[in-house]
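Coordinates as given in coords_32.txt (compact mmCIF, C-alpha atoms):
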# COMPACT_ATOMS: atom_id res chain seq x y z
CA MET A 1 163.04 -4.92 154.23
CA THR A 2 166.41 -3.53 155.26
CA GLU A 3 167.01 -1.96 158.66
CA GLU A 4 166.99 1.49 157.11
CA GLU A 5 163.79 0.85 155.12
CA ARG A 6 162.13 -0.33 158.32
CA ILE A 7 163.22 2.76 160.26
CA VAL A 8 161.90 5.06 157.53
CA ALA A 9 158.62 3.19 156.99
CA ALA A 10 157.94 3.06 160.73
CA GLY A 11 158.80 6.75 161.03
CA GLU A 12 156.48 7.69 158.19
CA TYR A 13 153.79 5.45 159.68
CA VAL A 14 153.98 7.39 162.95
CA LEU A 15 154.22 10.74 161.17
CA GLY A 16 151.18 9.73 159.12
CA THR A 17 152.75 10.43 155.73
CA LEU A 18 152.49 6.95 154.22
CA SER A 19 149.95 6.73 151.41
CA GLY A 20 146.74 4.78 152.11
CA PRO A 21 147.88 1.44 150.66
CA GLU A 22 151.38 1.81 152.13
CA ARG A 23 149.86 2.56 155.51
CA ALA A 24 147.60 -0.49 155.34
CA ALA A 25 150.44 -2.72 154.23
CA PHE A 26 152.72 -1.50 157.00
CA ALA A 27 149.98 -1.89 159.62
CA ALA A 28 149.51 -5.50 158.54
CA ARG A 29 153.24 -6.03 158.69
CA ILE A 30 153.53 -4.80 162.27
CA ALA A 31 151.16 -7.57 163.38
CA GLY A 32 153.57 -10.33 162.50
CA ASP A 33 156.85 -8.53 162.86
CA ARG A 34 158.14 -7.61 166.29
CA THR A 35 161.05 -5.64 164.86
CA CYS A 36 158.65 -3.42 162.91
CA ALA A 37 156.42 -3.03 165.96
CA GLY A 38 159.51 -2.04 167.95
CA ALA A 39 160.46 0.54 165.33
CA VAL A 40 156.96 2.04 165.56
CA ARG A 41 157.24 2.22 169.34
CA PHE A 42 160.60 3.91 168.98
CA TRP A 43 159.11 6.68 166.83
CA GLU A 44 155.99 7.06 168.97
CA ARG A 45 158.26 7.67 171.91
CA ALA A 46 160.83 9.74 170.06
CA LEU A 47 158.35 12.12 168.43
CA GLY A 48 155.83 12.13 171.30
CA PRO A 49 157.33 15.21 172.98
CA LEU A 50 156.25 17.28 169.95
CA ALA A 51 152.62 16.51 170.78
CA GLY A 52 153.36 17.81 174.25
CA THR A 53 154.10 21.23 172.81
CA THR A 54 150.66 21.57 171.22
CA ALA A 55 148.57 24.34 172.70
CA GLU A 56 145.60 23.16 174.70
CA VAL A 57 142.08 23.72 173.45
CA ALA A 58 139.18 23.07 175.80
CA PRO A 59 136.55 20.90 174.11
CA PRO A 60 132.90 21.96 174.39
CA PRO A 61 131.06 20.44 177.38
CA ALA A 62 128.76 18.45 175.07
CA VAL A 63 131.68 16.20 174.13
CA TRP A 64 131.92 14.68 177.59
CA ALA A 65 128.16 14.06 177.63
CA ARG A 66 128.46 12.14 174.36
CA ILE A 67 131.45 10.12 175.62
CA GLU A 68 129.48 9.23 178.74
CA ALA A 69 126.55 8.09 176.63
CA ARG A 70 128.80 6.03 174.37
CA THR A 71 130.56 4.30 177.26
CA GLN A 72 127.37 3.44 179.17
CA GLY A 73 126.92 -0.30 179.05
CA VAL A 74 130.29 -0.79 177.40
CA ALA A 75 132.56 -2.63 179.73
CA GLY A 76 136.24 -1.98 179.83
CA VAL A 77 138.71 -4.79 179.32
CA ALA A 78 139.28 -5.65 182.97
CA ASN A 79 135.67 -6.11 184.01
CA ASP A 80 134.51 -8.19 181.08
CA ARG A 81 136.54 -11.34 181.29
CA ALA A 82 133.46 -13.54 181.50
CA SER A 83 132.31 -13.08 177.95
CA GLY A 84 134.58 -15.09 175.73
CA TRP A 85 133.68 -13.49 172.45
CA ARG A 86 133.80 -9.98 173.71
CA ALA A 87 137.11 -10.67 175.38
CA ALA A 88 138.38 -11.99 172.07
CA ALA A 89 137.18 -8.85 170.35
CA LEU A 90 139.00 -6.77 172.92
CA GLY A 91 142.10 -8.87 172.55
CA LEU A 92 141.97 -7.89 168.93
CA GLY A 93 141.51 -4.34 170.09
CA ALA A 94 144.65 -4.52 172.16
CA LEU A 95 146.54 -5.76 169.18
CA ALA A 96 145.06 -3.06 167.01
CA ALA A 97 146.14 -0.57 169.65
CA ALA A 98 149.65 -1.83 169.28
CA LEU A 99 149.32 -1.27 165.57
CA GLY A 100 147.80 2.12 165.91
CA ALA A 101 144.70 0.81 164.22
CA PHE A 102 141.37 1.59 165.73
CA VAL A 103 138.95 -1.06 166.87
CA LEU A 104 135.95 0.01 168.87
CA VAL A 105 133.27 -2.10 170.38
CA ARG A 106 129.99 -0.34 169.78
CA PRO A 107 128.01 0.54 172.87
CA ALA A 108 125.23 -1.99 173.12
CA PRO A 109 122.03 -1.40 175.09
CA ARG A 110 122.12 -5.00 176.33
CA PRO A 111 124.78 -7.70 176.22
CA LEU A 112 125.04 -9.25 172.79
CA PRO A 113 126.72 -12.55 171.96
CA ALA A 114 128.87 -10.91 169.31
CA PRO A 115 129.04 -7.13 169.48
CA PRO A 116 129.84 -5.60 166.10
CA LEU A 117 133.28 -4.15 165.74
CA VAL A 118 133.52 -0.72 164.24
CA ALA A 119 136.90 0.27 163.05
CA SER A 120 138.62 2.83 160.96
CA ALA A 121 141.60 0.70 160.23
CA PRO A 122 143.80 2.04 157.47
CA ALA A 123 142.63 -0.54 155.00
CA VAL A 124 139.39 0.06 153.21
CA ASN A 125 136.83 -2.74 153.19
CA GLN A 126 139.12 -5.17 154.93
CA PHE A 127 138.14 -8.21 156.93
CA VAL A 128 140.00 -9.56 159.89
CA SER A 129 139.74 -12.58 162.10
CA SER A 130 141.18 -12.96 165.54
CA VAL A 131 141.77 -16.66 166.01
CA THR A 132 141.97 -17.70 169.64
CA ALA A 133 142.21 -20.76 171.83
CA THR A 134 140.09 -19.75 174.78
CA GLY A 135 138.70 -16.45 173.62
CA THR A 136 141.12 -14.47 175.72
CA GLN A 137 144.26 -14.19 173.68
CA THR A 138 144.77 -13.74 169.98
CA ALA A 139 146.80 -16.64 168.64
CA LEU A 140 146.63 -15.67 165.01
CA LEU A 141 145.49 -12.46 163.39
CA LEU A 142 144.21 -12.68 159.84
CA THR A 143 143.60 -9.94 157.35
CA ILE A 144 141.49 -10.85 154.35
CA ASP A 145 141.17 -8.84 151.18
CA PRO A 146 137.67 -9.66 149.92
CA ALA A 147 138.27 -8.72 146.29
CA SER A 148 141.26 -10.96 145.67
CA GLY A 149 140.52 -13.45 148.43
CA THR A 150 144.05 -13.06 149.73
CA VAL A 151 144.50 -14.04 153.35
CA VAL A 152 147.51 -13.04 155.40
CA ALA A 153 147.76 -14.87 158.70
CA HIS A 154 150.07 -13.30 161.26
CA PRO A 155 151.00 -15.60 164.14
CA VAL A 156 150.77 -13.67 167.40
CA GLN A 157 150.99 -16.27 170.13
CA LEU A 158 151.27 -19.78 168.78
CA SER A 159 153.60 -22.59 169.69
CA ALA A 160 154.87 -25.13 167.23
CA PRO A 161 153.95 -28.68 168.21
CA ALA A 162 156.68 -31.31 168.05
CA GLN A 163 156.40 -33.60 165.01
CA ARG A 164 153.00 -32.15 164.11
CA SER A 165 151.72 -29.39 161.88
CA LEU A 166 149.26 -26.58 162.49
CA GLU A 167 146.83 -26.30 159.61
CA LEU A 168 144.64 -23.27 158.96
CA TRP A 169 141.11 -23.81 157.66
CA TRP A 170 138.55 -21.46 156.17
CA ILE A 171 134.96 -22.38 156.89
CA ALA A 172 132.51 -20.26 154.91
CA ALA A 173 129.03 -20.00 156.43
CA GLY A 174 127.31 -23.36 155.88
CA SER A 175 130.27 -24.90 154.03
CA ALA A 176 132.86 -27.54 154.69
CA PRO A 177 136.33 -26.54 155.89
CA GLN A 178 138.75 -25.61 153.14
CA SER A 179 142.48 -25.82 153.82
CA VAL A 180 144.31 -22.47 153.66
CA GLY A 181 147.77 -23.75 154.46
CA LEU A 182 150.18 -24.75 157.19
CA ILE A 183 151.05 -22.25 159.90
CA ASP A 184 154.67 -21.65 160.75
CA PRO A 185 154.61 -19.79 164.10
CA GLY A 186 157.67 -17.86 163.03
CA ARG A 187 156.30 -16.19 159.93
CA PRO A 188 153.13 -14.86 158.31
CA LEU A 189 151.28 -17.09 155.87
CA ARG A 190 149.89 -15.62 152.66
CA ALA A 191 147.32 -17.63 150.74
CA ARG A 192 144.21 -17.34 148.59
CA ILE A 193 140.77 -18.59 149.57
CA GLY A 194 138.99 -17.49 146.38
CA ALA A 195 137.99 -14.10 145.06
CA ASN A 196 134.73 -12.36 145.98
CA MET A 197 133.94 -14.98 148.58
CA ARG A 198 131.18 -14.30 151.08
CA LEU A 199 133.16 -13.62 154.25
CA GLU A 200 130.42 -12.62 156.69
CA GLY A 201 129.52 -15.44 159.01
CA GLY A 202 132.66 -17.38 158.17
CA THR A 203 135.21 -18.80 160.57
CA PHE A 204 138.91 -19.54 160.55
CA ALA A 205 140.21 -22.44 162.58
CA VAL A 206 143.56 -24.06 163.26
CA SER A 207 143.76 -27.81 163.77
CA LEU A 208 146.56 -30.05 164.92
CA GLU A 209 147.51 -32.38 162.07
CA PRO A 210 150.19 -34.92 161.22
CA LEU A 211 153.45 -33.43 160.00
CA GLY A 212 152.78 -31.96 156.55
CA GLY A 213 149.06 -31.45 157.13
CA SER A 214 145.82 -33.38 157.01
CA ARG A 215 145.85 -36.36 154.63
CA SER A 216 142.12 -36.07 154.06
CA ALA A 217 139.88 -33.33 152.66
CA GLY A 218 139.11 -31.84 156.06
CA PRO A 219 140.74 -31.47 159.46
CA THR A 220 141.56 -34.74 161.23
CA GLY A 221 143.02 -33.48 164.50
CA PRO A 222 141.62 -31.33 167.31
CA VAL A 223 140.77 -27.68 166.61
CA LEU A 224 143.15 -25.67 168.76
CA TYR A 225 142.10 -22.16 167.77
CA SER A 226 139.18 -20.57 166.00
CA GLY A 227 137.64 -17.18 165.41
CA PRO A 228 134.91 -15.45 163.41
CA VAL A 229 135.52 -13.03 160.57
CA THR A 230 134.96 -9.37 161.37
CA ARG A 231 134.55 -6.60 158.89
CA LEU A 232 136.61 -3.46 159.43
CA GLY A 233 135.40 -0.11 158.24
CA ARG A 234 132.77 2.32 159.35
CA SER A 235 129.38 0.75 159.10
CA MET B 1 166.88 29.27 164.27
CA GLY B 2 164.15 28.50 166.75
CA TYR B 3 163.05 25.35 168.42
CA ALA B 4 160.81 23.11 166.45
CA SER B 5 157.55 22.76 168.26
CA CYS B 6 153.85 22.41 167.71
CA ALA B 7 153.26 25.54 169.76
CA SER B 8 151.23 28.21 168.02
CA GLY B 9 149.49 29.89 170.91
CA PRO B 10 149.45 30.17 174.65
CA LEU B 11 150.27 26.98 176.48
CA VAL B 12 148.50 25.83 179.57
CA THR B 13 150.98 23.93 181.62
CA GLU B 14 149.01 23.10 184.74
CA LEU B 15 148.69 19.40 184.38
CA ALA B 16 148.29 16.69 186.90
CA ALA B 17 151.42 14.74 187.66
CA ALA B 18 151.93 11.67 185.52
CA ASP B 19 151.56 9.60 188.70
CA GLU B 20 148.04 10.91 189.24
CA LEU B 21 147.13 10.05 185.66
CA GLU B 22 148.46 6.53 186.08
CA THR B 23 146.34 6.07 189.18
CA LEU B 24 143.29 7.42 187.37
CA LEU B 25 143.89 5.12 184.43
CA LEU B 26 144.27 2.14 186.74
CA ALA B 27 140.97 2.98 188.42
CA THR B 28 139.34 3.50 185.01
CA ALA B 29 140.42 0.00 184.08
CA THR B 30 138.32 -1.36 186.94
CA GLY B 31 135.26 0.47 185.63
CA ASP B 32 135.52 3.50 187.93
CA ARG B 33 133.58 6.18 186.03
CA ALA B 34 134.54 8.99 188.41
CA ALA B 35 138.22 8.28 187.75
CA PHE B 36 137.52 8.21 184.01
CA LYS B 37 135.77 11.57 184.23
CA ARG B 38 138.67 13.06 186.15
CA PHE B 39 141.12 11.65 183.59
CA TYR B 40 139.05 13.34 180.89
CA GLU B 41 139.00 16.65 182.77
CA VAL B 42 142.75 16.65 183.18
CA THR B 43 143.73 15.48 179.69
CA SER B 44 140.97 16.50 177.26
CA ALA B 45 142.22 20.02 176.50
CA LYS B 46 145.63 18.63 175.58
CA LEU B 47 144.18 15.87 173.40
CA PHE B 48 141.66 18.20 171.80
CA GLY B 49 144.54 20.55 170.99
CA VAL B 50 146.37 17.68 169.28
CA VAL B 51 143.29 16.61 167.33
CA ARG B 52 142.18 20.13 166.44
CA ARG B 53 145.56 20.93 164.89
CA ILE B 54 145.14 18.07 162.43
CA LEU B 55 141.38 18.18 161.86
CA HIS B 56 140.28 21.67 160.97
CA ASP B 57 136.63 20.79 161.07
CA GLN B 58 135.30 21.36 164.60
CA ALA B 59 132.60 18.67 164.39
CA GLN B 60 135.06 16.11 163.08
CA ALA B 61 137.59 17.02 165.77
CA GLU B 62 134.92 16.54 168.42
CA GLU B 63 134.00 13.17 166.94
CA ALA B 64 137.66 12.14 166.97
CA LEU B 65 138.00 13.17 170.61
CA GLN B 66 134.94 11.12 171.54
CA ASP B 67 136.36 8.09 169.74
CA VAL B 68 139.64 8.47 171.59
CA TYR B 69 138.04 8.56 175.03
CA VAL B 70 135.70 5.66 174.27
CA ARG B 71 138.84 3.81 173.30
CA ILE B 72 140.66 4.86 176.47
CA TRP B 73 137.71 3.59 178.51
CA GLN B 74 137.90 0.24 176.75
CA MET B 75 141.67 -0.04 176.67
CA ALA B 76 142.61 1.36 180.09
CA ALA B 77 143.42 -2.13 181.38
CA SER B 78 145.89 -2.77 178.59
CA TYR B 79 147.78 0.47 179.12
CA ASP B 80 151.41 -0.45 179.43
CA ALA B 81 153.55 1.98 181.39
CA THR B 82 156.65 0.91 179.48
CA ARG B 83 155.11 2.41 176.33
CA GLY B 84 155.06 5.91 177.75
CA LYS B 85 153.34 8.06 180.33
CA PRO B 86 149.52 8.05 180.27
CA LEU B 87 149.30 11.43 178.58
CA ALA B 88 151.83 10.48 175.91
CA TRP B 89 149.95 7.21 175.33
CA ALA B 90 146.62 9.03 175.04
CA ALA B 91 148.12 11.69 172.76
CA THR B 92 149.45 8.94 170.49
CA LEU B 93 145.95 7.45 170.25
CA ALA B 94 144.52 10.90 169.52
CA ARG B 95 147.04 11.58 166.77
CA TYR B 96 146.43 8.24 165.05
CA ARG B 97 142.68 8.81 165.17
CA ALA B 98 143.00 12.33 163.76
CA ILE B 99 145.33 11.14 160.98
CA ASP B 100 142.89 8.34 160.10
CA LEU B 101 140.06 10.82 159.78
CA VAL B 102 141.99 13.51 157.91
CA ARG B 103 143.23 11.00 155.33
CA ARG B 104 139.65 10.03 154.66
CA ASN B 105 138.85 13.54 153.49
CA ALA B 106 139.98 13.76 149.89
CA ALA B 107 140.88 17.42 150.23
CA ARG B 108 140.92 19.70 153.18
CA ASP B 109 141.15 23.44 153.56
CA ALA B 110 144.54 25.03 153.75
CA PRO B 111 145.52 25.40 157.40
CA ALA B 112 144.71 28.74 158.91
CA ARG B 113 148.02 28.84 160.71
CA ASP B 114 150.89 30.77 159.17
CA THR B 115 153.40 28.00 158.86
CA ASP B 116 156.25 30.21 157.68
CA SER B 117 157.31 31.12 161.15
CA MET B 118 158.26 28.44 163.57
CA PRO B 119 157.96 29.50 167.19
CA GLU B 120 161.14 30.83 168.71
CA GLN B 121 160.67 29.43 172.16
CA ALA B 122 160.69 25.97 173.52
CA ALA B 123 157.38 25.03 175.02
CA PRO B 124 157.29 24.81 178.79
CA ALA B 125 157.21 21.53 180.60
CA ASP B 126 154.12 19.40 180.88
CA GLY B 127 153.17 15.82 181.60
CA LEU B 128 155.27 14.34 178.81
CA ASP B 129 158.72 12.95 179.24
CA LEU B 130 161.15 15.84 179.42
CA GLY B 131 164.37 13.97 178.88
CA ASP B 132 163.07 12.67 175.58
CA ARG B 133 162.04 16.14 174.51
CA GLU B 134 165.46 17.66 175.00
CA ALA B 135 166.99 14.89 172.94
CA LEU B 136 164.40 15.31 170.20
CA MET B 137 164.80 19.09 170.04
CA HIS B 138 168.55 18.73 169.90
CA CYS B 139 168.33 16.23 167.05
CA LEU B 140 165.72 18.23 165.13
CA GLU B 141 168.07 21.21 165.28
CA THR B 142 170.66 19.26 163.35
CA LEU B 143 168.34 18.90 160.33
CA PRO B 144 168.21 21.44 157.49
CA GLU B 145 165.45 23.91 158.33
CA GLU B 146 163.03 23.09 155.50
CA GLN B 147 163.36 19.39 156.13
CA ARG B 148 162.83 19.85 159.85
CA ASN B 149 159.70 21.84 159.09
CA CYS B 150 158.48 18.95 156.96
CA VAL B 151 158.71 16.58 159.92
CA VAL B 152 157.06 19.04 162.29
CA LEU B 153 154.22 19.89 159.88
CA ALA B 154 153.57 16.20 159.27
CA TYR B 155 153.59 15.38 162.97
CA CYS B 156 151.82 18.39 164.41
CA ASP B 157 149.48 19.36 161.58
CA GLY B 158 149.00 16.01 159.89
CA TYR B 159 150.34 17.14 156.51
CA SER B 160 150.41 14.42 153.87
CA ARG B 161 153.30 14.13 151.40
CA GLU B 162 151.12 15.88 148.81
CA GLU B 163 150.34 18.73 151.17
CA LEU B 164 154.02 19.08 152.04
CA SER B 165 154.81 19.09 148.33
CA ALA B 166 152.38 21.98 147.78
CA ARG B 167 153.60 23.82 150.86
CA PHE B 168 157.29 23.64 149.93
CA GLU B 169 156.73 23.75 146.15
CA ARG B 170 158.77 20.62 145.63
CA PRO B 171 157.83 17.37 143.87
CA VAL B 172 156.37 14.62 146.05
CA GLY B 173 159.47 12.54 145.31
CA THR B 174 161.65 15.23 146.87
CA ILE B 175 159.46 15.31 149.97
CA LYS B 176 159.73 11.53 150.21
CA SER B 177 163.49 11.63 150.10
CA TRP B 178 163.59 14.53 152.60
CA LEU B 179 161.46 12.56 155.05
CA SER B 180 163.56 9.50 154.50
CA ARG B 181 166.80 11.40 155.14
CA CYS B 182 165.36 13.18 158.19
CA LEU B 183 164.15 9.96 159.76
CA THR B 184 167.43 8.19 159.13
CA SER B 185 169.46 10.95 160.72
CA LEU B 186 167.01 11.38 163.60
CA ARG B 187 167.29 7.67 164.30
CA GLN B 188 171.04 7.95 164.41
CA CYS B 189 170.90 11.01 166.64
CA LEU B 190 168.34 9.65 169.10
CA SER B 191 169.00 6.64 171.21
CA PHE B 192 167.10 5.32 174.15
CA ASP B 193 168.54 3.10 176.80
CA ASP B 194 165.98 0.33 176.49

Whole structure, structure tokens version:
Amino acid sequence: MTEEERIVAAGEYVLGTLSGPERAAFAARIAGDRTCAGAVRFWERALGPLAGTTAEVAPPPAVWARIEARTQGVAGVANDRASGWRAAALGLGALAAALGAFVLVRPAPRPLPAPPLVASAPAVNQFVSSVTATGTQTALLLTIDPASGTVVAHPVQLSAPAQRSLELWWIAAGSAPQSVGLIDPGRPLRARIGANMRLEGGTFAVSLEPLGGSRSAGPTGPVLYSGPVTRLGRS
Amino acid sequence: MGYASCASGPLVTELAAADELETLLLATATGDRAAFKRFYEVTSAKLFGVVRRILHDQAQAEEALQDVYVRIWQMAASYDATRGKPLAWAATLARYRAIDLVRRNAARDAPARDTDSMPEQAAPADGLDLGDREALMHCLETLPEEQRNCVVLAYCDGYSREELSARFERPVGTIKSWLSRCLTSLRQCLSFDD
């Protein structure tokens, strides 16, 4: 992508004029590409004053009542550090915010181990996985197209170990780990895990392996990062 | 040639200072519901205006507004002041949400607004960054009028390329190249210090 193509794509992304697939593709690109993310921020800031000129319209009072109901029992980011999974989900939310994608944690009547994520991300029927070390920070963000089984792994916060390799594994529910490929912290990895695979309940994990990857069928080193697969799209 | 703006009706300009909004957002991040409510009271008419311009369906616009504030409640702690003032940040979230929803509708009604006439006056000041606005207005003025209107209709009213094509009676390919040219020249015209 040339500088000019990036400026135009980011501008159209912020304007909202990209077509559905283009929008999804660009959103995925922002995750692994700081320059693209910077271009989006530029346009958000540059065009923002136009939104300021929009006439105000008071919403009906019932809207606030519904917002109050929806936020009851839903903790914000700052006061929910204790729950690892939820914090991971919100870490993904923060990233999605940076992308302009929408990830919401559904209000739950009681704390759940894994609150469902509801999202209206640009992509239709897309699966993501936020792969983390401690549950607090996304190390790797994956988008998975269920039909083709294509996985794109965008490194977010990963460091390259000296004389070792980071290997990404796909673990379908109840199955043995399957190697996806080696992670280069500097660039996204695109790979196939098999078409029409059952993604729900699956996990992605990154293990530390000898240079060039595991010599055996499964991971041989410690698992540094892992995360469950989440389905995006209105449920 | 008038200023490009989203304005199409009376503007309410009494808004809390950006500083107050930052304080409210900070308190919201700690779970302070009173601060969140106050943030809503101060900002909701602006955000609903943004959303309502793009989503013509009242119920859908209300749903979008709810989504945005649930999101603000969740994300208040990750608000980053370097990415813009609180109102600009919230308006960006509102626009993205409205665009998401409007693109999901296969077809929508033609906008009620008469888009032939752009407003002749610059909108008064509000909680958004003024310096940036002057620069933007200046740069928008340098674009050919039809092309400028394309950018404004896309941004303010959420027009898709297809809708712009119908509005200007030009092929979608022409709209694409207009947008591309506009964005390239806006980028050259605008420059921020950071």

May I have the residues of chain A within 6 Å of chain B, counting only C-alpha atoms, written as a list of chain:residue names?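 That gives the following set of residues: A:Val8, A:Leu15, A:Thr17, A:Pro49, A:Leu50, A:Thr53, A:Thr54, A:Ala55, A:Glu56, A:Val57, A:Ala58, A:Ile67, A:Gly76, A:Val77, A:Ala78.
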
Distance in Å - atom CA of Leu168 of chain A versus atom CA of Phe26 of chain A: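 These atoms are spaced 23.3 Å apart.
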
Nearby residues (all atoms listed in the file) at most 10 Å from Pro210 of chain A, same-chain spacing under 6 positions excluded, as a list in words: Gln163, Arg164, Ser165, Leu166, Glu167, Thr220 and Gly221 of chain A

Quick one: residues within 8 Å of segment 148-155 of chain A, all atoms listed in the file counted, chain neighbours fewer than 2 positions away excluded, as a PyMOL selection string? chain A and resi 31-32+139-146+157-158+183-197

Would you kindly identify which residues have an atom no farther than 12 Å from (133.8, -16.4, 154.7), using all atoms listed in the file and the file's own coordinates, and write them out as a PDB file with C-alpha atoms, in the coordinates of the input?
ATOM      1  CA  PHE A 127     138.140  -8.210 156.930  1.00  0.00           C
ATOM      2  CA  VAL A 128     140.000  -9.560 159.890  1.00  0.00           C
ATOM      3  CA  SER A 129     139.740 -12.580 162.100  1.00  0.00           C
ATOM      4  CA  ILE A 144     141.490 -10.850 154.350  1.00  0.00           C
ATOM      5  CA  ASP A 145     141.170  -8.840 151.180  1.00  0.00           C
ATOM      6  CA  PRO A 146     137.670  -9.660 149.920  1.00  0.00           C
ATOM      7  CA  GLY A 149     140.520 -13.450 148.430  1.00  0.00           C
ATOM      8  CA  THR A 150     144.050 -13.060 149.730  1.00  0.00           C
ATOM      9  CA  VAL A 151     144.500 -14.040 153.350  1.00  0.00           C
ATOM     10  CA  TRP A 169     141.110 -23.810 157.660  1.00  0.00           C
ATOM     11  CA  TRP A 170     138.550 -21.460 156.170  1.00  0.00           C
ATOM     12  CA  ILE A 171     134.960 -22.380 156.890  1.00  0.00           C
ATOM     13  CA  ALA A 172     132.510 -20.260 154.910  1.00  0.00           C
ATOM     14  CA  ALA A 173     129.030 -20.000 156.430  1.00  0.00           C
ATOM     15  CA  GLY A 174     127.310 -23.360 155.880  1.00  0.00           C
ATOM     16  CA  SER A 175     130.270 -24.900 154.030  1.00  0.00           C
ATOM     17  CA  ALA A 176     132.860 -27.540 154.690  1.00  0.00           C
ATOM     18  CA  PRO A 177     136.330 -26.540 155.890  1.00  0.00           C
ATOM     19  CA  GLN A 178     138.750 -25.610 153.140  1.00  0.00           C
ATOM     20  CA  ILE A 193     140.770 -18.590 149.570  1.00  0.00           C
ATOM     21  CA  GLY A 194     138.990 -17.490 146.380  1.00  0.00           C
ATOM     22  CA  ALA A 195     137.990 -14.100 145.060  1.00  0.00           C
ATOM     23  CA  ASN A 196     134.730 -12.360 145.980  1.00  0.00           C
ATOM     24  CA  MET A 197     133.940 -14.980 148.580  1.00  0.00           C
ATOM     25  CA  ARG A 198     131.180 -14.300 151.080  1.00  0.00           C
ATOM     26  CA  LEU A 199     133.160 -13.620 154.250  1.00  0.00           C
ATOM     27  CA  GLU A 200     130.420 -12.620 156.690  1.00  0.00           C
ATOM     28  CA  GLY A 201     129.520 -15.440 159.010  1.00  0.00           C
ATOM     29  CA  GLY A 202     132.660 -17.380 158.170  1.00  0.00           C
ATOM     30  CA  THR A 203     135.210 -18.800 160.570  1.00  0.00           C
ATOM     31  CA  PHE A 204     138.910 -19.540 160.550  1.00  0.00           C
ATOM     32  CA  ALA A 205     140.210 -22.440 162.580  1.00  0.00           C
ATOM     33  CA  GLY A 227     137.640 -17.180 165.410  1.00  0.00           C
ATOM     34  CA  PRO A 228     134.910 -15.450 163.410  1.00  0.00           C
ATOM     35  CA  VAL A 229     135.520 -13.030 160.570  1.00  0.00           C
ATOM     36  CA  THR A 230     134.960  -9.370 161.370  1.00  0.00           C
ATOM     37  CA  ARG A 231     134.550  -6.600 158.890  1.00  0.00           C
TER      38      ARG A 231
END

Given only C-alpha atoms as the counted atoms, nearest of B:Gln147, B:Leu55, B:Glu22, B:Gln60 to Thr82 of chain B: B:Glu22

Nearest to Ala81 of chain B among B:Val42, B:Asp19, B:Ala64, B:Arg170, with distances taken over all atoms listed in the file: which residue is it?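 Residue with the minimum atom-to-atom distance to Ala81 of chain B: B:Asp19.
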